[in-house]
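> TSV, C-alpha atoms, file query-v5.tsv:
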chain	number	residue	atom	x	y	z
A	1	MET	CA	-18.98	32.61	4.97
A	2	VAL	CA	-21.09	29.93	3.35
A	3	GLU	CA	-23.18	27.80	5.70
A	4	TRP	CA	-23.16	24.11	4.84
A	5	THR	CA	-25.51	21.55	6.38
A	6	GLU	CA	-24.20	18.13	7.38
A	7	PHE	CA	-26.07	16.64	4.46
A	8	GLU	CA	-24.47	19.05	2.00
A	9	ARG	CA	-20.95	18.39	3.31
A	10	THR	CA	-21.41	14.63	3.24
A	11	THR	CA	-22.98	14.73	-0.22
A	12	ILE	CA	-20.13	16.72	-1.74
A	13	GLN	CA	-17.42	14.59	-0.12
A	14	ASP	CA	-19.27	11.48	-1.22
A	15	ILE	CA	-19.69	12.52	-4.85
A	16	PHE	CA	-16.05	13.50	-5.27
A	17	SER	CA	-14.58	10.56	-3.39
A	18	LYS	CA	-16.39	8.18	-5.72
A	19	MET	CA	-15.80	10.18	-8.89
A	20	ASN	CA	-13.84	8.84	-11.85
A	21	TYR	CA	-11.96	12.02	-12.68
A	22	ASP	CA	-10.77	10.77	-16.06
A	23	VAL	CA	-14.25	9.98	-17.30
A	24	VAL	CA	-16.16	12.84	-15.72
A	25	GLY	CA	-13.50	15.43	-16.54
A	26	GLN	CA	-13.33	14.42	-20.19
A	27	GLN	CA	-17.07	14.11	-20.58
A	28	SER	CA	-17.88	17.44	-18.95
A	29	LEU	CA	-15.40	19.52	-20.89
A	30	ALA	CA	-16.16	17.75	-24.17
A	31	ARG	CA	-19.88	18.18	-23.63
A	32	CYS	CA	-19.37	21.87	-22.92
A	33	LEU	CA	-17.42	22.31	-26.17
A	34	VAL	CA	-20.17	20.50	-28.11
A	35	VAL	CA	-23.25	22.05	-26.50
A	36	TYR	CA	-21.83	25.58	-26.24
A	37	PRO	CA	-19.48	25.73	-29.24
A	38	TRP	CA	-18.41	29.32	-28.58
A	39	THR	CA	-16.44	27.98	-25.60
A	40	GLN	CA	-14.02	26.49	-28.14
A	41	ARG	CA	-12.53	29.97	-28.47
A	42	TYR	CA	-10.25	29.20	-25.53
A	43	PHE	CA	-8.81	26.07	-27.07
A	44	GLY	CA	-7.44	27.18	-30.42
A	45	ASN	CA	-4.40	24.94	-30.04
A	46	PHE	CA	-6.31	21.77	-29.21
A	47	GLY	CA	-6.34	20.51	-32.79
A	48	ASN	CA	-9.44	18.88	-34.22
A	49	LEU	CA	-12.65	20.26	-32.67
A	50	TYR	CA	-14.63	20.25	-35.90
A	51	ASN	CA	-17.50	18.02	-34.84
A	52	ALA	CA	-18.89	16.24	-31.79
A	53	ALA	CA	-17.07	12.98	-32.56
A	54	ALA	CA	-13.73	14.78	-32.91
A	55	ILE	CA	-14.28	16.68	-29.66
A	56	MET	CA	-15.32	13.58	-27.73
A	57	GLY	CA	-12.23	11.71	-28.96
A	58	ASN	CA	-9.72	14.55	-28.60
A	59	PRO	CA	-6.95	13.58	-26.14
A	60	MET	CA	-6.09	17.22	-25.28
A	61	VAL	CA	-9.72	17.80	-24.29
A	62	ALA	CA	-9.62	14.69	-22.13
A	63	ALA	CA	-6.40	15.75	-20.45
A	64	HIS	CA	-7.62	19.25	-19.80
A	65	GLY	CA	-10.97	18.04	-18.52
A	66	ARG	CA	-9.08	16.08	-15.90
A	67	VAL	CA	-7.07	19.17	-14.90
A	68	VAL	CA	-10.19	21.29	-14.54
A	69	LEU	CA	-12.00	18.69	-12.49
A	70	HIS	CA	-9.06	18.28	-10.15
A	71	GLY	CA	-9.23	22.04	-9.77
A	72	LEU	CA	-12.47	21.42	-7.89
A	73	ASP	CA	-10.56	19.41	-5.27
A	74	LYS	CA	-9.41	22.67	-3.74
A	75	ALA	CA	-13.02	23.52	-2.97
A	76	VAL	CA	-13.90	20.01	-1.78
A	77	LYS	CA	-11.00	20.17	0.72
A	78	ASN	CA	-11.67	23.77	1.83
A	79	MET	CA	-15.42	24.01	1.95
A	80	ASP	CA	-15.28	26.54	4.76
A	81	ASN	CA	-13.20	28.99	2.80
A	82	ILE	CA	-13.61	28.42	-0.89
A	83	LYS	CA	-13.31	32.14	-1.57
A	84	ALA	CA	-9.74	32.29	-0.24
A	85	ALA	CA	-8.79	28.93	-1.74
A	86	TYR	CA	-9.64	30.21	-5.23
A	87	ALA	CA	-8.12	33.68	-5.08
A	88	GLU	CA	-5.09	32.72	-7.15
A	89	LEU	CA	-7.09	30.68	-9.68
A	90	SER	CA	-9.46	33.59	-10.06
A	91	VAL	CA	-6.64	35.97	-10.91
A	92	LEU	CA	-5.28	33.39	-13.35
A	93	HIS	CA	-8.60	33.04	-15.17
A	94	SER	CA	-9.02	36.79	-15.37
A	95	GLU	CA	-5.55	38.16	-16.02
A	96	LYS	CA	-3.87	35.35	-17.91
A	97	LEU	CA	-6.54	33.16	-19.45
A	98	HIS	CA	-9.08	35.95	-20.08
A	99	VAL	CA	-12.05	33.63	-19.67
A	100	ASP	CA	-15.53	35.19	-19.69
A	101	PRO	CA	-16.93	34.11	-16.29
A	102	ASP	CA	-20.23	33.09	-17.84
A	103	ASN	CA	-18.34	30.09	-19.15
A	104	PHE	CA	-17.95	28.82	-15.58
A	105	ARG	CA	-21.73	28.50	-15.41
A	106	LEU	CA	-21.87	26.68	-18.76
A	107	LEU	CA	-19.21	24.17	-17.72
A	108	GLY	CA	-20.89	23.78	-14.33
A	109	ASP	CA	-24.18	22.91	-16.04
A	110	CYS	CA	-22.45	20.29	-18.20
A	111	LEU	CA	-20.73	18.83	-15.13
A	112	THR	CA	-24.13	18.59	-13.43
A	113	VAL	CA	-25.57	16.74	-16.44
A	114	VAL	CA	-22.63	14.29	-16.51
A	115	VAL	CA	-22.82	13.59	-12.77
A	116	ALA	CA	-26.60	13.12	-13.11
A	117	ALA	CA	-26.01	10.55	-15.85
A	118	GLN	CA	-23.45	8.76	-13.65
A	119	LEU	CA	-25.58	8.68	-10.49
A	120	GLY	CA	-29.00	8.09	-12.10
A	121	ALA	CA	-31.73	7.80	-9.49
A	122	ALA	CA	-29.20	8.55	-6.74
A	123	PHE	CA	-29.05	12.11	-8.07
A	124	THR	CA	-32.09	13.08	-6.02
A	125	PRO	CA	-33.41	16.65	-5.84
A	126	GLU	CA	-31.62	17.02	-2.49
A	127	VAL	CA	-28.32	15.83	-3.92
A	128	GLN	CA	-28.75	18.07	-6.97
A	129	ALA	CA	-29.40	21.07	-4.73
A	130	ALA	CA	-26.25	20.39	-2.71
A	131	PHE	CA	-24.15	19.87	-5.83
A	132	GLN	CA	-25.44	22.99	-7.55
A	133	LYS	CA	-24.94	25.08	-4.39
A	134	PHE	CA	-21.35	23.84	-4.23
A	135	LEU	CA	-20.75	24.74	-7.89
A	136	ALA	CA	-22.35	28.16	-7.40
A	137	VAL	CA	-19.94	28.92	-4.55
A	138	VAL	CA	-16.95	27.79	-6.63
A	139	ILE	CA	-18.11	29.87	-9.60
A	140	SER	CA	-18.65	32.93	-7.45
A	141	SER	CA	-15.15	32.53	-5.94
A	142	LEU	CA	-13.60	32.16	-9.38
A	143	GLN	CA	-15.25	35.40	-10.45
A	144	ARG	CA	-14.21	37.40	-7.42
A	145	GLN	CA	-10.86	38.66	-8.60
A	146	TYR	CA	-12.12	39.89	-11.96
A	147	HIS	CA	-12.03	43.67	-12.31
B	1	MET	CA	-29.71	30.20	-32.34
B	2	SER	CA	-32.27	28.73	-34.74
B	3	LEU	CA	-32.97	25.04	-35.17
B	4	SER	CA	-31.29	23.31	-38.10
B	5	ALA	CA	-32.94	20.40	-39.88
B	6	ASN	CA	-30.53	18.15	-38.00
B	7	ASP	CA	-31.52	19.66	-34.64
B	8	LYS	CA	-35.20	19.06	-35.38
B	9	ALA	CA	-34.57	15.47	-36.45
B	10	THR	CA	-32.49	14.83	-33.32
B	11	VAL	CA	-35.17	16.27	-31.04
B	12	LYS	CA	-37.92	14.25	-32.70
B	13	ALA	CA	-35.90	11.03	-32.51
B	14	LEU	CA	-35.04	11.62	-28.84
B	15	TRP	CA	-38.64	12.51	-28.00
B	16	ALA	CA	-39.93	9.33	-29.63
B	17	LYS	CA	-37.59	7.32	-27.37
B	18	ILE	CA	-38.36	9.17	-24.15
B	19	SER	CA	-42.08	9.95	-24.45
B	20	PRO	CA	-43.15	6.61	-22.89
B	21	LYS	CA	-41.62	8.00	-19.68
B	22	ALA	CA	-43.20	11.43	-20.14
B	23	GLU	CA	-44.97	11.40	-16.78
B	24	ASP	CA	-41.81	10.53	-14.87
B	25	ILE	CA	-39.85	13.16	-16.73
B	26	GLY	CA	-42.43	15.83	-15.93
B	27	ASN	CA	-42.62	14.85	-12.28
B	28	GLU	CA	-38.85	14.65	-11.79
B	29	ALA	CA	-38.16	17.92	-13.62
B	30	LEU	CA	-40.82	19.90	-11.79
B	31	SER	CA	-39.93	18.34	-8.41
B	32	ARG	CA	-36.33	19.32	-8.89
B	33	MET	CA	-37.17	22.82	-10.02
B	34	LEU	CA	-39.26	23.47	-6.91
B	35	TYR	CA	-36.65	21.98	-4.61
B	36	VAL	CA	-33.41	23.24	-6.13
B	37	TYR	CA	-34.76	26.71	-7.00
B	38	PRO	CA	-37.13	27.56	-4.14
B	39	GLN	CA	-38.05	30.90	-5.67
B	40	THR	CA	-40.12	28.95	-8.24
B	41	LYS	CA	-42.46	27.84	-5.46
B	42	THR	CA	-43.92	31.33	-5.40
B	43	TYR	CA	-46.08	30.43	-8.39
B	44	PHE	CA	-47.73	27.50	-6.66
B	45	SER	CA	-48.73	28.76	-3.23
B	46	HIS	CA	-52.25	27.49	-3.91
B	47	TRP	CA	-51.16	23.84	-4.04
B	48	SER	CA	-51.67	21.50	-1.09
B	49	SER	CA	-48.11	20.24	-1.39
B	50	LEU	CA	-44.91	21.28	-3.11
B	51	SER	CA	-42.77	18.31	-2.12
B	52	PRO	CA	-41.02	16.28	-4.79
B	53	GLY	CA	-43.34	13.64	-6.19
B	54	SER	CA	-46.49	14.86	-4.45
B	55	ALA	CA	-49.85	14.63	-6.23
B	56	PRO	CA	-50.16	18.27	-7.38
B	57	VAL	CA	-46.54	18.23	-8.59
B	58	ARG	CA	-47.04	15.01	-10.51
B	59	LYS	CA	-50.26	16.26	-12.06
B	60	HIS	CA	-48.71	19.51	-13.15
B	61	GLY	CA	-45.57	17.79	-14.43
B	62	LYS	CA	-47.81	15.80	-16.75
B	63	LYS	CA	-49.36	18.99	-18.09
B	64	VAL	CA	-46.00	20.64	-18.68
B	65	VAL	CA	-44.57	17.64	-20.53
B	66	ALA	CA	-47.71	17.46	-22.69
B	67	GLY	CA	-46.93	21.05	-23.65
B	68	ILE	CA	-43.42	20.05	-24.65
B	69	GLY	CA	-44.82	17.18	-26.70
B	70	LEU	CA	-47.02	19.67	-28.49
B	71	ALA	CA	-43.99	21.85	-29.18
B	72	VAL	CA	-42.15	18.87	-30.68
B	73	GLU	CA	-45.10	18.36	-33.03
B	74	LYS	CA	-45.05	22.05	-33.96
B	75	ILE	CA	-41.29	22.22	-34.17
B	76	ASP	CA	-41.39	23.70	-37.66
B	77	ASP	CA	-43.31	26.75	-36.46
B	78	LEU	CA	-43.06	27.10	-32.71
B	79	PHE	CA	-44.29	30.69	-32.54
B	80	ALA	CA	-47.56	29.89	-34.33
B	81	GLY	CA	-47.92	26.47	-32.74
B	82	LEU	CA	-47.54	27.78	-29.17
B	83	LEU	CA	-49.61	30.94	-29.60
B	84	THR	CA	-52.37	29.90	-27.17
B	85	LEU	CA	-49.86	28.76	-24.55
B	86	SER	CA	-47.94	31.98	-24.97
B	87	GLU	CA	-51.06	34.05	-24.37
B	88	LEU	CA	-51.84	31.94	-21.32
B	89	HIS	CA	-48.38	32.49	-19.83
B	90	ALA	CA	-48.34	36.17	-20.79
B	91	PHE	CA	-51.72	37.35	-19.63
B	92	GLN	CA	-52.85	34.88	-17.02
B	93	LEU	CA	-49.94	33.01	-15.50
B	94	ARG	CA	-47.37	35.78	-15.93
B	95	VAL	CA	-44.47	33.51	-15.12
B	96	ASP	CA	-41.19	35.43	-15.22
B	97	PRO	CA	-39.43	34.11	-18.33
B	98	ALA	CA	-36.18	33.58	-16.37
B	99	ASN	CA	-37.92	30.54	-14.93
B	100	PHE	CA	-38.20	28.88	-18.34
B	101	ARG	CA	-34.41	28.57	-18.39
B	102	ILE	CA	-34.46	27.08	-14.91
B	103	LEU	CA	-37.05	24.45	-15.84
B	104	SER	CA	-35.21	23.70	-19.10
B	105	HIS	CA	-32.04	22.99	-17.10
B	106	CYS	CA	-33.96	20.63	-14.81
B	107	ILE	CA	-35.41	18.83	-17.81
B	108	LEU	CA	-31.93	18.31	-19.25
B	109	VAL	CA	-30.66	16.94	-15.90
B	110	VAL	CA	-33.60	14.51	-15.73
B	111	LEU	CA	-33.01	13.33	-19.29
B	112	ALA	CA	-29.35	12.66	-18.40
B	113	MET	CA	-30.46	10.71	-15.31
B	114	LEU	CA	-33.15	8.63	-16.97
B	115	PHE	CA	-31.55	8.12	-20.39
B	116	PRO	CA	-27.77	8.29	-19.90
B	117	ASP	CA	-27.06	6.40	-23.12
B	118	ASP	CA	-29.49	8.32	-25.35
B	119	PHE	CA	-28.70	11.76	-23.98
B	120	THR	CA	-25.48	12.09	-25.95
B	121	PRO	CA	-23.71	15.45	-26.30
B	122	GLU	CA	-25.39	15.90	-29.69
B	123	ALA	CA	-28.81	15.15	-28.25
B	124	HIS	CA	-28.05	17.52	-25.35
B	125	LEU	CA	-27.12	20.28	-27.81
B	126	ALA	CA	-30.28	19.86	-29.90
B	127	MET	CA	-32.52	19.64	-26.83
B	128	ASP	CA	-30.94	22.71	-25.20
B	129	LYS	CA	-31.51	24.72	-28.38
B	130	PHE	CA	-35.06	23.43	-28.74
B	131	LEU	CA	-36.01	24.25	-25.16
B	132	ALA	CA	-34.50	27.72	-25.53
B	133	ARG	CA	-36.56	28.27	-28.67
B	134	LEU	CA	-39.63	26.91	-26.91
B	135	ALA	CA	-39.10	29.38	-24.09
B	136	LEU	CA	-38.78	32.19	-26.61
B	137	ALA	CA	-42.05	31.19	-28.29
B	138	LEU	CA	-43.73	30.92	-24.89
B	139	SER	CA	-42.68	34.43	-23.92
B	140	ASP	CA	-43.52	35.90	-27.31
B	141	LYS	CA	-46.75	37.57	-26.21
B	142	TYR	CA	-45.38	38.99	-22.95
B	143	ARG	CA	-44.88	42.52	-24.24
As structure tokens - that is how I would like this structure written.

Amino acid sequence: MVEWTEFERTTIQDIFSKMNYDVVGQQSLARCLVVYPWTQRYFGNFGNLYNAAAIMGNPMVAAHGRVVLHGLDKAVKNMDNIKAAYAELSVLHSEKLHVDPDNFRLLGDCLTVVVAAQLGAAFTPEVQAAFQKFLAVVISSLQRQYH
Amino acid sequence: MSLSANDKATVKALWAKISPKAEDIGNEALSRMLYVYPQTKTYFSHWSSLSPGSAPVRKHGKKVVAGIGLAVEKIDDLFAGLLTLSELHAFQLRVDPANFRILSHCILVVLAMLFPDDFTPEAHLAMDKFLARLALALSDKYR
């Protein structure tokens, strides 16, 4: 089981309670598709992804970014058993979506960059450490059911 | 993933905007690296302090960012331009190259924090590629 300090718990709850899911979801997914273009392979039916401007303005990307970000709520609400909370989602990503798990890391990095831009100076090293630890646990749980 | 002419132009333009804050960038990036990835502290056991923002961290952050500035100047031939630094890292410092990716990530986070409007997705893309190429040039002499 993952050990969380009081600071880490508070930080994660704080970040997500204040988060604008529409903005952060859209920005993170769009950024991921721009910075790591090979991730576009999973979104063949999303229409125009030909350049950064198209990706940033694409409504399907925005909608899906929101879905993905809300997927993190499961972890925020179940910090003491993220592994179990993500068992089904892990199977989904492996068996149905066939997503290479390295993509979780890429999206996680983009999410970190977007949250950093939102929080500015408030994204202290301590906050970053807590946030990245949280994402690492989520990513590890999402990878668990792959075989 | 080589740098296109557009990538190079984007990096140079971004660098021109952010270089006035070079010291802060270096300090923040290094401070974060040491704190968020404690295994990186193993290279600095000889420092009096490893806490974010302390004097040795700030001083070293300045040095690291100066190196990046040099790389921006030599962007058209990173391998030749960073030869001396590569030899330094290969034969004397012997920093595991995995750490270059860690520091690059911290630099990107700091740029997002300090320059949220300038660090657009396109700038992020160009910078990520540039730092990856820089890391490659830096590890060129390792073996």
> Residues of chain A that approach chain B to 8 Å or less, counting all atoms listed in the file: could you list each one with the shortest pair of atoms and its distance in Å to one decimal, rows by chain and increasing residue number, as a tab-separated table?

residue	atom	partner	partner_atom	distance
A:Arg31	CA	B:Pro121	CA	5.4
A:Val34	CA	B:Pro121	CA	6.4
A:Val35	CA	B:Leu125	CA	4.5
A:Tyr36	CA	B:Leu125	CA	7.7
A:Ala52	CA	B:Glu122	CA	6.8
A:Asp109	CA	B:His105	CA	7.9
A:Thr112	CA	B:Val109	CA	7.2
A:Val113	CA	B:Val109	CA	5.1
A:Val114	CA	B:Ala112	CA	7.2
A:Ala116	CA	B:Met113	CA	5.1
A:Ala117	CA	B:Met113	CA	4.5
A:Gln118	CA	B:Met113	CA	7.5
A:Leu119	CA	B:Met113	CA	7.2
A:Gly120	CA	B:Met113	CA	4.4
A:Ala121	CA	B:Met113	CA	6.6
A:Phe123	CA	B:Met113	CA	7.5
A:Pro125	CA	B:Arg32	CA	5.0
A:Glu126	CA	B:Tyr35	CA	7.4
A:Gln128	CA	B:Val36	CA	7.0
A:Ala129	CA	B:Val36	CA	4.8
> Please list as a list of chain:residue names every residue within 12 Å of Asn78 in chain A, counting only C-alpha atoms and excluding residues in the same chain fewer than 5 positions away.
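Residues meeting the cut-off are A:Met1, A:Val2, A:Trp4, A:Arg9, A:Ile12, A:Gln13, A:Gly71, A:Leu72, A:Asp73, A:Lys83, A:Ala84, A:Ala85, A:Tyr86, A:Phe134, A:Val137, A:Val138.
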> In Å, how far is it from CA of Asn6 in chain B to CA of Ser19 in chain B?
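Going from CA of Asn6 in chain B over to CA of Ser19 in chain B, I get 19.6 Å.
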> In Å, how far is it from CA of Ala5 in chain B to CA of Ile75 in chain B?
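So the two atoms, CA of Ala5 in chain B and CA of Ile75 in chain B, lie 10.3 Å apart.
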> So what do you get for CA of Ala80 in chain B versus CA of Leu134 in chain B, distance-wise?
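Atom-to-atom, CA of Ala80 in chain B to CA of Leu134 in chain B, that is 11.3 Å.
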> Please provide the set of residues having any atom within 8 Å of Leu33 in chain A, restricted to only C-alpha atoms, with same-chain residues fewer than 6 positions apart removed, written as JSON, numbers by chain.
{"A": [39, 40, 55]}
> Write the residues you've just listed into a file as a PDB file, keeping the file's coordinate frame, and include C-alpha atoms for each of them.

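Now in selection_38.pdb:
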ATOM      1  CA  THR A  39     -16.440  27.980 -25.600  1.00  0.00           C
ATOM      2  CA  GLN A  40     -14.020  26.490 -28.140  1.00  0.00           C
ATOM      3  CA  ILE A  55     -14.280  16.680 -29.660  1.00  0.00           C
TER       4      ILE A  55
END
> Find the residues around range 17-24 of chain A up to 8 Å (all atoms listed in the file counted), leave out those fewer than 5 positions away in its own chain, and share them as a short mmCIF file (atom, residue, chain, number, x, y, z; two decimals) with C-alpha atoms, in the frame of the given file.

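Ended up saving to selection.cif:
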data_model
loop_
_atom_site.label_atom_id
_atom_site.label_comp_id
_atom_site.auth_asym_id
_atom_site.auth_seq_id
_atom_site.Cartn_x
_atom_site.Cartn_y
_atom_site.Cartn_z
CA ALA A 62 -9.62 14.69 -22.13
CA ALA A 63 -6.40 15.75 -20.45
CA GLY A 65 -10.97 18.04 -18.52
CA ARG A 66 -9.08 16.08 -15.90
CA LEU A 69 -12.00 18.69 -12.49
CA HIS A 70 -9.06 18.28 -10.15
CA LEU A 111 -20.73 18.83 -15.13
CA VAL A 114 -22.63 14.29 -16.51
CA VAL A 115 -22.82 13.59 -12.77
#
